[in-house]
$ cat target-v2.pdb   # PDB, C-alpha atoms, pLDDT in the B column
ATOM      1  CA  MET A   1       0.000   0.000   0.000  1.00 39.00           C
ATOM      2  CA  MET A   2       2.839   2.425   0.852  1.00 38.00           C
ATOM      3  CA  ARG A   3       4.535   1.646  -2.465  1.00 41.00           C
ATOM      4  CA  LEU A   4       1.295   2.393  -4.375  1.00 35.00           C
ATOM      5  CA  ALA A   5       0.953   5.714  -2.518  1.00 38.00           C
ATOM      6  CA  ALA A   6       4.555   6.636  -3.396  1.00 38.00           C
ATOM      7  CA  VAL A   7       4.016   5.824  -7.103  1.00 33.00           C
ATOM      8  CA  LEU A   8       0.769   7.807  -7.156  1.00 34.00           C
ATOM      9  CA  MET A   9       2.475  10.787  -5.521  1.00 36.00           C
ATOM     10  CA  ALA A  10       5.346  10.649  -8.043  1.00 36.00           C
ATOM     11  CA  VAL A  11       2.871  10.642 -10.951  1.00 31.00           C
ATOM     12  CA  LEU A  12       0.810  13.507  -9.549  1.00 31.00           C
ATOM     13  CA  THR A  13       3.825  15.728  -8.887  1.00 31.00           C
ATOM     14  CA  SER A  14       5.271  15.193 -12.368  1.00 31.00           C
ATOM     15  CA  PHE A  15       2.528  17.226 -14.085  1.00 31.00           C
ATOM     16  CA  PRO A  16       2.913  20.987 -14.646  1.00 32.00           C
ATOM     17  CA  THR A  17       1.607  23.199 -11.873  1.00 32.00           C
ATOM     18  CA  SER A  18      -1.714  24.916 -12.565  1.00 33.00           C
ATOM     19  CA  VAL A  19      -2.207  28.692 -12.330  1.00 34.00           C
ATOM     20  CA  ALA A  20      -4.330  28.240  -9.210  1.00 34.00           C
ATOM     21  CA  ALA A  21      -1.556  26.281  -7.541  1.00 33.00           C
ATOM     22  CA  THR A  22       1.105  28.831  -8.482  1.00 35.00           C
ATOM     23  CA  GLU A  23      -1.036  31.633  -7.056  1.00 36.00           C
ATOM     24  CA  THR A  24      -1.116  29.771  -3.772  1.00 37.00           C
ATOM     25  CA  THR A  25       2.665  29.708  -3.546  1.00 42.00           C
ATOM     26  CA  GLY A  26       3.139  33.295  -4.763  1.00 44.00           C
ATOM     27  CA  LEU A  27       4.969  32.226  -7.899  1.00 41.00           C
ATOM     28  CA  THR A  28       4.203  33.390 -11.413  1.00 48.00           C
ATOM     29  CA  GLU A  29       2.197  31.583 -14.019  1.00 62.00           C
ATOM     30  CA  ARG A  30       4.178  29.482 -16.432  1.00 78.00           C
ATOM     31  CA  GLY A  31       4.673  31.494 -19.584  1.00 91.00           C
ATOM     32  CA  PRO A  32       7.128  33.790 -21.311  1.00 97.00           C
ATOM     33  CA  LEU A  33       6.541  36.839 -19.069  1.00 97.00           C
ATOM     34  CA  ARG A  34       6.952  37.038 -15.289  1.00 96.00           C
ATOM     35  CA  PHE A  35       6.193  39.831 -12.850  1.00 96.00           C
ATOM     36  CA  VAL A  36       8.981  40.485 -10.356  1.00 96.00           C
ATOM     37  CA  LEU A  37       8.364  42.378  -7.101  1.00 97.00           C
ATOM     38  CA  ASP A  38      10.803  43.729  -4.523  1.00 95.00           C
ATOM     39  CA  LYS A  39      10.555  42.071  -1.119  1.00 91.00           C
ATOM     40  CA  PRO A  40       9.502  42.297   1.628  1.00 93.00           C
ATOM     41  CA  LEU A  41       5.963  43.467   0.844  1.00 97.00           C
ATOM     42  CA  GLU A  42       4.673  45.148   3.983  1.00 97.00           C
ATOM     43  CA  VAL A  43       1.667  47.337   4.778  1.00 97.00           C
ATOM     44  CA  GLY A  44       2.653  50.948   4.041  1.00 96.00           C
ATOM     45  CA  GLY A  45       5.670  49.830   2.014  1.00 96.00           C
ATOM     46  CA  GLU A  46       6.471  50.107  -1.660  1.00 96.00           C
ATOM     47  CA  THR A  47       7.742  47.930  -4.482  1.00 97.00           C
ATOM     48  CA  ARG A  48       8.880  48.084  -8.067  1.00 96.00           C
ATOM     49  CA  VAL A  49       6.690  46.104 -10.450  1.00 96.00           C
ATOM     50  CA  ARG A  50       9.060  44.673 -13.023  1.00 96.00           C
ATOM     51  CA  LEU A  51       8.432  42.461 -16.041  1.00 96.00           C
ATOM     52  CA  HIS A  52      10.930  39.764 -17.043  1.00 97.00           C
ATOM     53  CA  ASN A  53      10.858  38.081 -20.444  1.00 97.00           C
ATOM     54  CA  VAL A  54      11.925  34.432 -20.148  1.00 97.00           C
ATOM     55  CA  GLY A  55      10.565  33.591 -23.614  1.00 96.00           C
ATOM     56  CA  ASP A  56      12.251  33.545 -26.994  1.00 95.00           C
ATOM     57  CA  GLU A  57      10.380  36.427 -28.652  1.00 96.00           C
ATOM     58  CA  SER A  58       9.940  40.134 -27.923  1.00 97.00           C
ATOM     59  CA  TYR A  59       6.795  41.598 -26.342  1.00 96.00           C
ATOM     60  CA  VAL A  60       5.401  45.124 -26.266  1.00 94.00           C
ATOM     61  CA  TYR A  61       4.629  47.073 -23.090  1.00 91.00           C
ATOM     62  CA  ASN A  62       3.543  50.666 -22.492  1.00 87.00           C
ATOM     63  CA  SER A  63       6.215  52.656 -20.691  1.00 83.00           C
ATOM     64  CA  TYR A  64       3.583  55.188 -19.485  1.00 78.00           C
ATOM     65  CA  TYR A  65       0.788  54.049 -17.170  1.00 78.00           C
ATOM     66  CA  GLN A  66       1.431  50.334 -17.671  1.00 82.00           C
ATOM     67  CA  ALA A  67      -0.896  49.504 -14.793  1.00 86.00           C
ATOM     68  CA  CYS A  68      -3.818  50.688 -16.956  1.00 80.00           C
ATOM     69  CA  TYR A  69      -3.573  47.403 -18.810  1.00 81.00           C
ATOM     70  CA  MET A  70      -3.404  45.324 -15.674  1.00 92.00           C
ATOM     71  CA  THR A  71      -5.962  44.112 -13.158  1.00 93.00           C
ATOM     72  CA  PHE A  72      -5.562  43.880  -9.410  1.00 95.00           C
ATOM     73  CA  ARG A  73      -7.738  41.819  -7.059  1.00 96.00           C
ATOM     74  CA  VAL A  74      -7.937  40.845  -3.470  1.00 96.00           C
ATOM     75  CA  ARG A  75      -7.292  37.130  -3.841  1.00 92.00           C
ATOM     76  CA  GLY A  76     -10.627  35.427  -4.392  1.00 86.00           C
ATOM     77  CA  GLY A  77     -12.480  38.737  -4.186  1.00 90.00           C
ATOM     78  CA  ARG A  78     -13.006  42.267  -5.338  1.00 94.00           C
ATOM     79  CA  ARG A  79     -11.137  44.110  -8.046  1.00 95.00           C
ATOM     80  CA  PHE A  80      -9.448  47.426  -7.203  1.00 94.00           C
ATOM     81  CA  LEU A  81      -7.530  50.211  -8.938  1.00 92.00           C
ATOM     82  CA  ILE A  82      -4.049  51.257  -8.028  1.00 93.00           C
ATOM     83  CA  PRO A  83      -3.046  54.939  -8.328  1.00 91.00           C
ATOM     84  CA  GLU A  84      -0.624  54.203 -11.178  1.00 86.00           C
ATOM     85  CA  GLY A  85      -3.457  52.682 -13.212  1.00 81.00           C
ATOM     86  CA  THR A  86      -6.165  55.338 -13.126  1.00 78.00           C
ATOM     87  CA  HIS A  87      -4.937  57.882 -15.685  1.00 74.00           C
ATOM     88  CA  CYS A  88      -4.133  56.287 -19.035  1.00 76.00           C
ATOM     89  CA  ASP A  89      -3.936  58.918 -21.753  1.00 75.00           C
ATOM     90  CA  LEU A  90      -0.280  58.558 -22.790  1.00 76.00           C
ATOM     91  CA  VAL A  91       0.925  55.589 -24.797  1.00 78.00           C
ATOM     92  CA  ASP A  92       4.574  54.858 -25.499  1.00 84.00           C
ATOM     93  CA  ARG A  93       5.087  51.337 -26.761  1.00 88.00           C
ATOM     94  CA  ARG A  94       8.428  49.764 -25.985  1.00 92.00           C
ATOM     95  CA  GLU A  95       9.853  46.368 -26.800  1.00 95.00           C
ATOM     96  CA  LEU A  96      10.915  43.844 -24.164  1.00 97.00           C
ATOM     97  CA  ALA A  97      13.468  41.492 -25.742  1.00 98.00           C
ATOM     98  CA  PRO A  98      14.111  37.916 -24.615  1.00 98.00           C
ATOM     99  CA  GLY A  99      16.073  37.874 -21.355  1.00 97.00           C
ATOM    100  CA  GLU A 100      15.317  41.522 -20.549  1.00 98.00           C
ATOM    101  CA  THR A 101      13.725  42.883 -17.388  1.00 97.00           C
ATOM    102  CA  VAL A 102      12.113  46.330 -17.194  1.00 96.00           C
ATOM    103  CA  THR A 103      10.595  48.304 -14.360  1.00 94.00           C
ATOM    104  CA  LEU A 104       7.005  49.013 -15.314  1.00 93.00           C
ATOM    105  CA  PHE A 105       6.254  51.308 -12.340  1.00 92.00           C
ATOM    106  CA  ARG A 106       6.824  51.928  -8.651  1.00 94.00           C
ATOM    107  CA  TRP A 107       3.875  51.147  -6.401  1.00 96.00           C
ATOM    108  CA  ASP A 108       3.193  52.239  -2.815  1.00 96.00           C
ATOM    109  CA  LEU A 109       1.125  49.072  -2.178  1.00 97.00           C
ATOM    110  CA  ASP A 110      -2.013  51.193  -2.076  1.00 97.00           C
ATOM    111  CA  GLU A 111      -5.353  51.349  -3.830  1.00 96.00           C
ATOM    112  CA  CYS A 112      -7.161  54.313  -5.326  1.00 94.00           C
ATOM    113  CA  VAL A 113     -10.312  55.212  -3.389  1.00 94.00           C
ATOM    114  CA  GLU A 114     -11.114  58.433  -5.268  1.00 92.00           C
ATOM    115  CA  ASP A 115     -10.485  58.806  -8.986  1.00 88.00           C
ATOM    116  CA  ASN A 116     -10.985  62.118 -10.791  1.00 85.00           C
ATOM    117  CA  TRP A 117      -8.879  62.136 -13.993  1.00 80.00           C
ATOM    118  CA  GLY A 118      -6.210  60.385 -11.969  1.00 83.00           C
ATOM    119  CA  CYS A 119      -6.155  59.144  -8.411  1.00 89.00           C
ATOM    120  CA  THR A 120      -6.831  61.965  -5.942  1.00 92.00           C
ATOM    121  CA  LYS A 121      -7.048  59.815  -2.817  1.00 95.00           C
ATOM    122  CA  ALA A 122      -5.455  56.464  -1.983  1.00 96.00           C
ATOM    123  CA  LYS A 123      -5.135  54.212   1.046  1.00 97.00           C
ATOM    124  CA  ASP A 124      -2.654  51.500   1.983  1.00 97.00           C
ATOM    125  CA  LEU A 125      -3.740  47.958   1.226  1.00 97.00           C
ATOM    126  CA  PRO A 126      -4.207  45.879   4.366  1.00 96.00           C
ATOM    127  CA  ARG A 127      -2.232  42.715   4.924  1.00 96.00           C
ATOM    128  CA  GLY A 128      -3.554  39.876   2.826  1.00 97.00           C
ATOM    129  CA  ARG A 129      -3.208  38.013  -0.441  1.00 97.00           C
ATOM    130  CA  TYR A 130      -3.527  39.682  -3.823  1.00 97.00           C
ATOM    131  CA  VAL A 131      -3.284  38.838  -7.525  1.00 97.00           C
ATOM    132  CA  MET A 132      -2.110  41.018 -10.419  1.00 96.00           C
ATOM    133  CA  LYS A 133      -2.614  40.165 -14.080  1.00 95.00           C
ATOM    134  CA  GLY A 134      -1.445  41.803 -17.284  1.00 94.00           C
ATOM    135  CA  ARG A 135      -1.718  41.076 -20.998  1.00 93.00           C
ATOM    136  CA  PHE A 136       1.124  41.768 -23.428  1.00 94.00           C
ATOM    137  CA  ARG A 137       1.273  41.344 -27.212  1.00 94.00           C
ATOM    138  CA  PRO A 138       4.224  39.948 -29.156  1.00 97.00           C
ATOM    139  CA  ALA A 139       6.219  42.716 -30.870  1.00 96.00           C
ATOM    140  CA  ASP A 140       5.605  41.171 -34.292  1.00 94.00           C
ATOM    141  CA  GLY A 141       1.832  40.837 -33.672  1.00 91.00           C
ATOM    142  CA  GLY A 142      -0.252  37.884 -32.662  1.00 91.00           C
ATOM    143  CA  GLU A 143      -2.078  36.668 -29.556  1.00 93.00           C
ATOM    144  CA  ALA A 144      -1.424  38.485 -26.302  1.00 94.00           C
ATOM    145  CA  VAL A 145       0.016  36.460 -23.438  1.00 95.00           C
ATOM    146  CA  GLN A 146      -0.992  36.838 -19.824  1.00 95.00           C
ATOM    147  CA  ALA A 147       1.358  37.311 -16.896  1.00 96.00           C
ATOM    148  CA  ILE A 148      -0.012  36.526 -13.428  1.00 95.00           C
ATOM    149  CA  ARG A 149       1.525  37.113 -10.038  1.00 96.00           C
ATOM    150  CA  ALA A 150       0.036  36.250  -6.668  1.00 96.00           C
ATOM    151  CA  PHE A 151       1.614  37.972  -3.686  1.00 97.00           C
ATOM    152  CA  ARG A 152       1.097  38.586  -0.001  1.00 97.00           C
ATOM    153  CA  ILE A 153       1.356  41.866   1.883  1.00 97.00           C
ATOM    154  CA  ARG A 154       2.427  41.335   5.473  1.00 96.00           C
ATOM    155  CA  ARG A 155       2.011  43.521   8.523  1.00 92.00           C
ATOM    156  CA  SER A 156       4.856  46.008   8.800  1.00 83.00           C
ATOM    157  CA  SER A 157       7.479  45.177  11.383  1.00 74.00           C
TER     158      SER A 157
END

$ encode --input "target-v2.pdb" --output "structure tokens"
Amino acid sequence: MMRLAAVLMAVLTSFPTSVAATETTGLTERGPLRFVLDKPLEVGGETRVRLHNVGDESYVYNSYYQACYMTFRVRGGRRFLIPEGTHCDLVDRRELAPGETVTLFRWDLDECVEDNWGCTKAKDLPRGRYVMKGRFRPADGGEAVQAIRAFRIRRSS
């Protein structure tokens, strides 16, 4: 019986991890683009949201207001805006080559609670689990790919 359990466990762990499972561990979805955040993530802190291309083709991102094309959610719950994503009138497309990492924006780990042609009032996100998603098109055209990152904000020390 123990041998059968060991074989079953080996088979189950040899399959690729699902997006839901990677969100649980705070890792990124499998795919050519990965979000990278500075650590630690603490209430009242800040981070750089960076994008790393681990694929073999170039992708396009907007160097102004990149968060406009991203979604943010409390894990398993409501969607919210972040101050960097509320005002989206400038577009400057840039290419992210294979192996490159770029800083998309700096984020104060807050959410916009009043938006009037840009965020006029924000508040710190409480400790908890969150998910960010973004869609990016290949530089030579084609289907957009999705980058997903689950993360946890901890109480400040």

$ closest_residue --input "target-v2.pdb" --among "A:Thr103, A:Thr71, A:Ser58, A:Ser156" --to "A:Val36" --atoms "only C-alpha atoms"
A:Thr103

$ residues_near_point --input "target-v2.pdb" --point "(1.8, 50.1, -21.5)" --cutoff "9 Å" --atoms "only C-alpha atoms" --output "list in words"
Val60, Tyr61, Asn62, Ser63, Tyr64, Tyr65, Gln66, Ala67, Cys68, Tyr69, Cys88, Leu90, Val91, Asp92, Arg93, Arg94, Leu104 and Phe136 of chain A

$ closest_residue --input "target-v2.pdb" --among "A:Cys112, A:Leu125, A:Leu41, A:Val49" --to "A:Pro83" --atoms "only C-alpha atoms"
A:Cys112

$ resolve_selection --input "target-v2.pdb" --expression "the PyMOL selection byres ((chain A and resi 114) around 12)" --output "count of residues only"
17

$ closest_residue --input "target-v2.pdb" --among "A:Asp124, A:Gly85, A:His52, A:Gly76" --to "A:Leu109" --atoms "only C-alpha atoms"
A:Asp124

$ closest_residue --input "target-v2.pdb" --among "A:Arg78, A:Trp107, A:Pro126, A:Leu51" --to "A:Glu95" --atoms "all atoms listed in the file"
A:Leu51

$ atom_distance --input "target-v2.pdb" --atom1 "atom CA of A:Tyr130" --atom2 "atom CA of A:Arg79"
9.8 Å

$ resolve_selection --input "target-v2.pdb" --expression "the PyMOL selection byres ((chain A and resi 35) around 12)" --output "ChimeraX atom specification"
/A:26-34,36-38,47-54,70,101-105,131-136,146-151

$ axis_aligned_box --input "target-v2.pdb" --around "stretch 118-135 of chain A" --padding-each-side "8 Å" --output "JSON"
{"center_x": -4.2, "center_y": 50.0, "center_z": -8.0, "size_x": 21.6, "size_y": 40.0, "size_z": 41.9}

$ atom_distance --input "target-v2.pdb" --atom1 "atom CA of A:Gly99" --atom2 "atom CA of A:Gly45"
28.2 Å

$ atom_distance --input "target-v2.pdb" --atom1 "atom CA of A:Arg106" --atom2 "atom CA of A:Glu46"
7.2 Å

$ closest_residue --input "target-v2.pdb" --among "A:Asp89, A:Pro40, A:Glu100, A:Arg155" --to "A:Gly55" --atoms "only C-alpha atoms"
A:Glu100

$ build_atoms --input "target-v2.pdb" --residues "stretch 113-128 of chain A" --atoms "N, CA and C atoms" --output "compact mmCIF listing (two decimals), keeping the file's coordinate frame"
# COMPACT_ATOMS: atom_id res chain seq x y z
N VAL A 113 -8.96 55.18 -3.93
CA VAL A 113 -10.31 55.21 -3.39
C VAL A 113 -11.11 56.40 -3.92
N GLU A 114 -10.43 57.31 -4.62
CA GLU A 114 -11.11 58.43 -5.27
C GLU A 114 -10.38 58.76 -6.55
N ASP A 115 -11.09 58.61 -7.68
CA ASP A 115 -10.48 58.81 -8.99
C ASP A 115 -11.19 59.95 -9.70
N ASN A 116 -10.43 60.98 -10.07
CA ASN A 116 -10.98 62.12 -10.79
C ASN A 116 -9.94 62.56 -11.80
N TRP A 117 -9.91 61.92 -12.98
CA TRP A 117 -8.88 62.14 -13.99
C TRP A 117 -7.51 61.85 -13.41
N GLY A 118 -7.41 60.78 -12.69
CA GLY A 118 -6.21 60.38 -11.97
C GLY A 118 -6.58 60.23 -10.51
N CYS A 119 -5.82 59.44 -9.81
CA CYS A 119 -6.16 59.14 -8.41
C CYS A 119 -5.92 60.37 -7.53
N THR A 120 -6.96 60.82 -6.84
CA THR A 120 -6.83 61.96 -5.94
C THR A 120 -6.77 61.55 -4.48
N LYS A 121 -7.13 60.30 -4.19
CA LYS A 121 -7.05 59.82 -2.82
C LYS A 121 -6.79 58.31 -2.83
N ALA A 122 -5.81 57.88 -2.05
CA ALA A 122 -5.46 56.46 -1.98
C ALA A 122 -5.30 56.05 -0.53
N LYS A 123 -5.38 54.74 -0.30
CA LYS A 123 -5.14 54.21 1.05
C LYS A 123 -4.29 52.95 0.92
N ASP A 124 -3.50 52.69 1.96
CA ASP A 124 -2.65 51.50 1.98
C ASP A 124 -3.53 50.25 1.93
N LEU A 125 -3.06 49.25 1.20
CA LEU A 125 -3.74 47.96 1.23
C LEU A 125 -3.46 47.28 2.56
N PRO A 126 -4.46 46.61 3.13
CA PRO A 126 -4.21 45.88 4.37
C PRO A 126 -3.43 44.61 4.08
N ARG A 127 -2.92 43.98 5.13
CA ARG A 127 -2.23 42.72 4.92
C ARG A 127 -3.22 41.73 4.31
N GLY A 128 -2.69 40.85 3.49
CA GLY A 128 -3.55 39.88 2.83
C GLY A 128 -2.91 39.36 1.55
